[in-house]
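Student: Handing over query_35.cif, mmCIF, C-alpha atoms and all ligand atoms.
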data_data
#
loop_
_atom_site.label_atom_id
_atom_site.label_comp_id
_atom_site.auth_asym_id
_atom_site.auth_seq_id
_atom_site.Cartn_x
_atom_site.Cartn_y
_atom_site.Cartn_z
CA MET A 1 78.66 -191.97 140.00
CA ARG A 2 75.60 -193.32 138.15
CA PRO A 3 72.42 -193.79 140.19
CA ILE A 4 72.22 -197.31 141.65
CA THR A 5 68.81 -198.55 142.79
CA HIS A 6 68.70 -202.27 141.97
CA MET A 7 70.66 -205.49 142.14
CA VAL A 8 70.32 -208.36 139.70
CA LEU A 9 71.47 -211.83 140.71
CA HIS A 10 72.88 -214.36 138.25
CA HIS A 11 74.62 -217.71 138.16
CA SER A 12 77.42 -218.62 135.79
CA ALA A 13 75.52 -221.73 134.65
CA THR A 14 78.82 -223.59 134.58
CA ASP A 15 80.63 -225.94 136.90
CA ALA A 16 82.12 -223.47 139.39
CA THR A 17 85.47 -225.15 139.87
CA LEU A 18 86.27 -226.23 136.30
CA ARG A 19 86.11 -229.81 137.59
CA SER A 20 88.26 -228.97 140.63
CA GLY A 21 91.26 -227.39 138.89
CA ASP A 22 89.98 -224.03 140.12
CA PRO A 23 88.58 -224.45 143.65
CA GLU A 24 87.91 -220.76 144.32
CA GLY A 25 86.56 -219.86 140.90
CA ALA A 26 89.29 -217.36 139.99
CA ALA A 27 90.16 -219.03 136.69
CA LEU A 28 86.50 -219.29 135.73
CA TRP A 29 86.02 -215.63 136.61
CA ALA A 30 88.99 -214.63 134.42
CA ALA A 31 87.53 -216.65 131.54
CA ILE A 32 84.12 -214.96 131.97
CA GLU A 33 85.80 -211.55 131.92
CA ARG A 34 87.79 -212.40 128.78
CA ASN A 35 84.57 -213.48 127.03
CA HIS A 36 82.70 -210.33 127.98
CA GLN A 37 85.64 -208.08 127.07
CA LYS A 38 85.87 -209.72 123.66
CA HIS A 39 82.18 -209.01 123.15
CA TRP A 40 82.17 -205.34 124.20
CA ALA A 41 85.74 -204.07 123.73
CA LYS A 42 85.00 -202.37 120.43
CA THR A 43 81.83 -200.59 121.58
CA VAL A 44 82.55 -199.65 125.20
CA ALA A 45 85.99 -198.39 126.22
CA GLY A 46 87.33 -200.01 129.38
CA TYR A 47 84.59 -202.63 129.53
CA ILE A 48 85.57 -205.45 131.89
CA CYS A 49 82.65 -207.72 132.67
CA ASP A 50 78.87 -208.15 132.49
CA TYR A 51 78.96 -208.52 136.30
CA HIS A 52 80.23 -206.13 138.95
CA PHE A 53 80.90 -208.92 141.45
CA GLY A 54 81.31 -212.66 141.45
CA VAL A 55 80.96 -215.02 144.40
CA GLY A 56 83.01 -218.22 144.18
CA PRO A 57 82.10 -221.62 145.63
CA THR A 58 84.34 -221.15 148.69
CA GLY A 59 82.99 -217.66 149.34
CA VAL A 60 85.70 -215.65 147.62
CA VAL A 61 84.29 -212.37 146.27
CA LEU A 62 85.64 -211.43 142.84
CA THR A 63 85.44 -207.95 141.35
CA GLY A 64 84.54 -207.30 137.73
CA GLN A 65 83.02 -204.23 136.15
CA PRO A 66 83.72 -201.02 138.14
CA LEU A 67 80.56 -199.93 139.96
CA GLY A 68 80.57 -196.59 138.16
CA MET A 69 80.17 -198.37 134.82
CA VAL A 70 77.01 -200.01 133.50
CA SER A 71 77.27 -203.77 132.95
CA PHE A 72 75.10 -205.33 130.25
CA ASN A 73 73.87 -208.10 132.50
CA CYS A 74 70.20 -208.45 131.58
CA GLY A 75 67.98 -207.76 128.60
CA ASN A 76 66.60 -204.52 130.02
CA ALA A 77 68.60 -201.36 129.31
CA ARG A 78 66.81 -199.29 131.94
CA LEU A 79 67.62 -201.84 134.63
CA ASN A 80 71.19 -202.31 133.41
CA ALA A 81 71.70 -198.57 133.82
CA VAL A 82 70.81 -198.55 137.53
CA SER A 83 71.77 -202.01 138.73
CA ILE A 84 74.65 -203.84 140.34
CA ALA A 85 75.08 -207.30 138.79
CA VAL A 86 76.24 -210.12 141.06
CA CYS A 87 77.09 -213.54 139.62
CA PHE A 88 77.24 -216.64 141.81
CA LEU A 89 79.65 -219.09 140.20
CA GLY A 90 78.05 -222.46 139.65
CA ASN A 91 75.04 -223.99 137.96
CA PHE A 92 72.10 -223.77 140.38
CA GLN A 93 69.79 -225.27 137.83
CA VAL A 94 71.39 -228.62 138.72
CA ALA A 95 73.33 -228.11 141.98
CA ARG A 96 72.79 -226.65 145.44
CA MET A 97 74.86 -223.70 146.60
CA PRO A 98 77.73 -224.49 149.04
CA ALA A 99 77.20 -223.00 152.51
CA ALA A 100 80.34 -220.86 152.32
CA GLN A 101 79.21 -219.34 149.03
CA TYR A 102 75.74 -218.66 150.41
CA ALA A 103 77.14 -216.96 153.53
CA ALA A 104 79.54 -214.79 151.53
CA GLY A 105 76.78 -213.92 149.07
CA VAL A 106 74.38 -212.82 151.79
CA GLN A 107 77.12 -210.70 153.35
CA LEU A 108 77.99 -209.09 150.00
CA LEU A 109 74.36 -208.33 149.10
CA ARG A 110 73.75 -206.95 152.57
CA SER A 111 76.72 -204.59 152.47
CA LEU A 112 75.96 -203.45 148.92
CA SER A 113 72.31 -202.80 149.75
CA VAL A 114 73.26 -200.77 152.82
CA GLN A 115 75.99 -198.88 150.98
CA HIS A 116 73.70 -197.93 148.10
CA SER A 117 70.35 -197.84 149.98
CA ILE A 118 68.90 -200.58 147.78
CA LEU A 119 65.46 -201.81 148.86
CA LEU A 120 64.88 -205.50 149.42
CA SER A 121 62.20 -205.35 146.75
CA HIS A 122 64.81 -204.07 144.30
CA ILE A 123 67.01 -207.16 144.59
CA MET A 124 65.91 -209.21 141.61
CA LEU A 125 66.71 -212.56 140.14
CA HIS A 126 67.68 -212.40 136.48
CA ARG A 127 64.61 -214.46 135.55
CA GLU A 128 62.34 -211.85 137.19
CA VAL A 129 63.62 -209.00 135.01
CA PRO A 130 60.90 -207.83 132.63
CA ASP A 131 61.81 -207.67 128.97
CA GLU A 132 61.92 -204.01 128.01
CA ARG A 133 59.62 -204.49 125.02
CA THR A 134 57.04 -206.95 126.30
CA GLY A 135 57.16 -206.03 130.00
CA ILE A 136 57.13 -209.71 130.95
CA PRO A 137 60.11 -211.72 132.17
CA GLY A 138 62.08 -213.52 129.48
CA PHE A 139 62.89 -217.17 129.20
CA THR A 140 66.05 -217.49 131.26
CA ALA A 141 66.17 -219.82 134.27
CA CYS A 142 69.03 -217.74 135.69
CA PRO A 143 70.13 -217.97 138.52
CA GLY A 144 68.74 -221.52 138.50
CA ARG A 145 65.93 -223.38 140.27
CA TRP A 146 68.03 -224.23 143.35
CA PHE A 147 69.29 -220.68 143.88
CA PRO A 148 68.46 -220.05 147.57
CA SER A 149 66.47 -216.87 147.05
CA ALA A 150 63.81 -217.68 149.66
CA ALA A 151 66.45 -218.27 152.34
CA MET A 152 68.26 -215.09 151.34
CA ARG A 153 65.07 -213.07 151.55
CA ILE A 154 64.41 -214.39 155.06
CA ALA A 155 68.02 -213.61 156.05
CA PHE A 156 67.53 -210.03 154.90
CA GLN A 157 64.18 -209.64 156.64
CA GLU A 158 65.53 -210.99 159.92
CA ASP A 159 68.28 -208.46 159.58
CA GLY A 160 65.72 -205.69 159.21
CA GLY A 161 67.39 -204.80 155.95
CA GLY A 162 65.67 -203.46 152.89
CA GLY A 163 62.85 -201.45 154.37
CA SER A 164 60.24 -202.54 151.87
CA SER A 165 57.21 -204.67 152.54
CA ARG A 166 57.12 -206.27 149.13
CA ALA A 167 59.96 -208.62 148.25
CA ALA A 168 60.79 -209.42 144.66
CA MET A 169 62.60 -212.61 145.58
CA THR A 170 59.56 -214.73 146.16
CA ARG A 171 60.66 -218.04 144.73
ZN ZN B 1 71.73 -214.17 134.43
#
Could you spell out this file's structure in structure tokens?
Ligand SMILES: [Zn+2]
Tutor:
Amino acid sequence: MRPITHMVLHHSATDATLRSGDPEGAALWAAIERNHQKHWAKTVAGYICDYHFGVGPTGVVLTGQPLGMVSFNCGNARLNAVSIAVCFLGNFQVARMPAAQYAAGVQLLRSLSVQHSILLSHIMLHREVPDERTGIPGFTACPGRWFPSAAMRIAFQEDGGGGSSRAAMTR
């Protein structure tokens, strides 16, 4: 197993339910996987997805890349190597997260952080990831301005999870 020390949170930046033909996000997830496979199939054998997990709008957790494999989820190779990528289906640049998706997401992040001893300060939003050349975060809005990172951070702290005094999810 590769060393896992971080989590990076994303959104799909799409309508989560394909305008209601896909209430749980399974069809969207399959389409995301097909896209990513097309991109990486020739360079990485067995590549499945840029994300290890997806969380659908009704709280369904979808599995993507096997945890033992790196997913190319952010523009920082060092962080890709040691991170678990979680994608919340939806566009939180324009919409709020449904309660069921939020609850399932918190539960997933909590169990992954306990399982892999990931510090609260090592749970990062995609937009907080420093570019590996410049050292400053890039220009993505991912996972969107309405992504409930502040509420999630409080949920983790109340839980006593993490164990670090400095939280990365500050916005
Ligand atoms: Zn992202």
Student: How close does each residue of chain A get to ligand ZN 1 (chain B), giving the shortest atom pair and distance in Å to one decimal for every residue with an atom at most 10 Å away, counting only C-alpha atoms and all ligand atoms, sorted by chain and residue number, as a Markdown table?
Tutor:
| residue | atom | partner | partner_atom | distance |
| --- | --- | --- | --- | --- |
| A:Val8 | CA | B:ZN1 | ZN | 8.0 |
| A:Leu9 | CA | B:ZN1 | ZN | 6.7 |
| A:His10 | CA | B:ZN1 | ZN | 4.0 |
| A:His11 | CA | B:ZN1 | ZN | 5.9 |
| A:Ser12 | CA | B:ZN1 | ZN | 7.4 |
| A:Ala13 | CA | B:ZN1 | ZN | 8.5 |
| A:Asp50 | CA | B:ZN1 | ZN | 9.5 |
| A:Tyr51 | CA | B:ZN1 | ZN | 9.4 |
| A:Asn73 | CA | B:ZN1 | ZN | 6.7 |
| A:Cys74 | CA | B:ZN1 | ZN | 6.6 |
| A:Gly75 | CA | B:ZN1 | ZN | 9.4 |
| A:Ala85 | CA | B:ZN1 | ZN | 8.8 |
| A:Val86 | CA | B:ZN1 | ZN | 9.0 |
| A:Cys87 | CA | B:ZN1 | ZN | 7.5 |
| A:Phe88 | CA | B:ZN1 | ZN | 9.5 |
| A:Leu125 | CA | B:ZN1 | ZN | 7.8 |
| A:His126 | CA | B:ZN1 | ZN | 4.9 |
| A:Arg127 | CA | B:ZN1 | ZN | 7.2 |
| A:Val129 | CA | B:ZN1 | ZN | 9.6 |
| A:Thr140 | CA | B:ZN1 | ZN | 7.3 |
| A:Ala141 | CA | B:ZN1 | ZN | 7.9 |
| A:Cys142 | CA | B:ZN1 | ZN | 4.7 |
| A:Pro143 | CA | B:ZN1 | ZN | 5.8 |
| A:Gly144 | CA | B:ZN1 | ZN | 8.9 |
Student: Could you please determine the separation between atom CA of A:Trp146 and atom CA of A:Arg96 in Å, to one decimal place?
Tutor: 5.7 Å
Student: Find the residues near A:Gln101: any atom within 6 Å, counting all atoms listed in the file, skip ones fewer than 6 places away on the same chain, and give them as a PDB file with C-alpha atoms, in the frame of the given file.
Tutor:
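Now in result.pdb:
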ATOM      1  CA  PRO A  57      82.100-221.620 145.630  1.00  0.00           C
ATOM      2  CA  THR A  58      84.340-221.150 148.690  1.00  0.00           C
ATOM      3  CA  GLY A  59      82.990-217.660 149.340  1.00  0.00           C
TER       4      GLY A  59
END
Student: Give me, as a compact mmCIF listing (two decimals) with C-alpha atoms, in the frame of the given file, all polymer residues having an atom no more than 12 Å from A:Ala31, counting all atoms listed in the file and skipping those fewer than 6 positions away in the same chain.
Tutor:
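Writing the result to selection-v2.txt gives the following:
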# COMPACT_ATOMS: atom_id res chain seq x y z
CA SER A 12 77.42 -218.62 135.79
CA THR A 14 78.82 -223.59 134.58
CA ALA A 16 82.12 -223.47 139.39
CA LEU A 18 86.27 -226.23 136.30
CA ASP A 22 89.98 -224.03 140.12
CA GLY A 25 86.56 -219.86 140.90
CA GLN A 37 85.64 -208.08 127.07
CA LYS A 38 85.87 -209.72 123.66
CA ILE A 48 85.57 -205.45 131.89
CA CYS A 49 82.65 -207.72 132.67
CA GLY A 64 84.54 -207.30 137.73
CA LEU A 89 79.65 -219.09 140.20
Student: Counting only C-alpha atoms, which of A:Met7, A:Ala81, A:Ala30, A:Ala45 gets nearest to A:Leu120?
Tutor: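 For A:Leu120, the nearest of the given residues is A:Met7.
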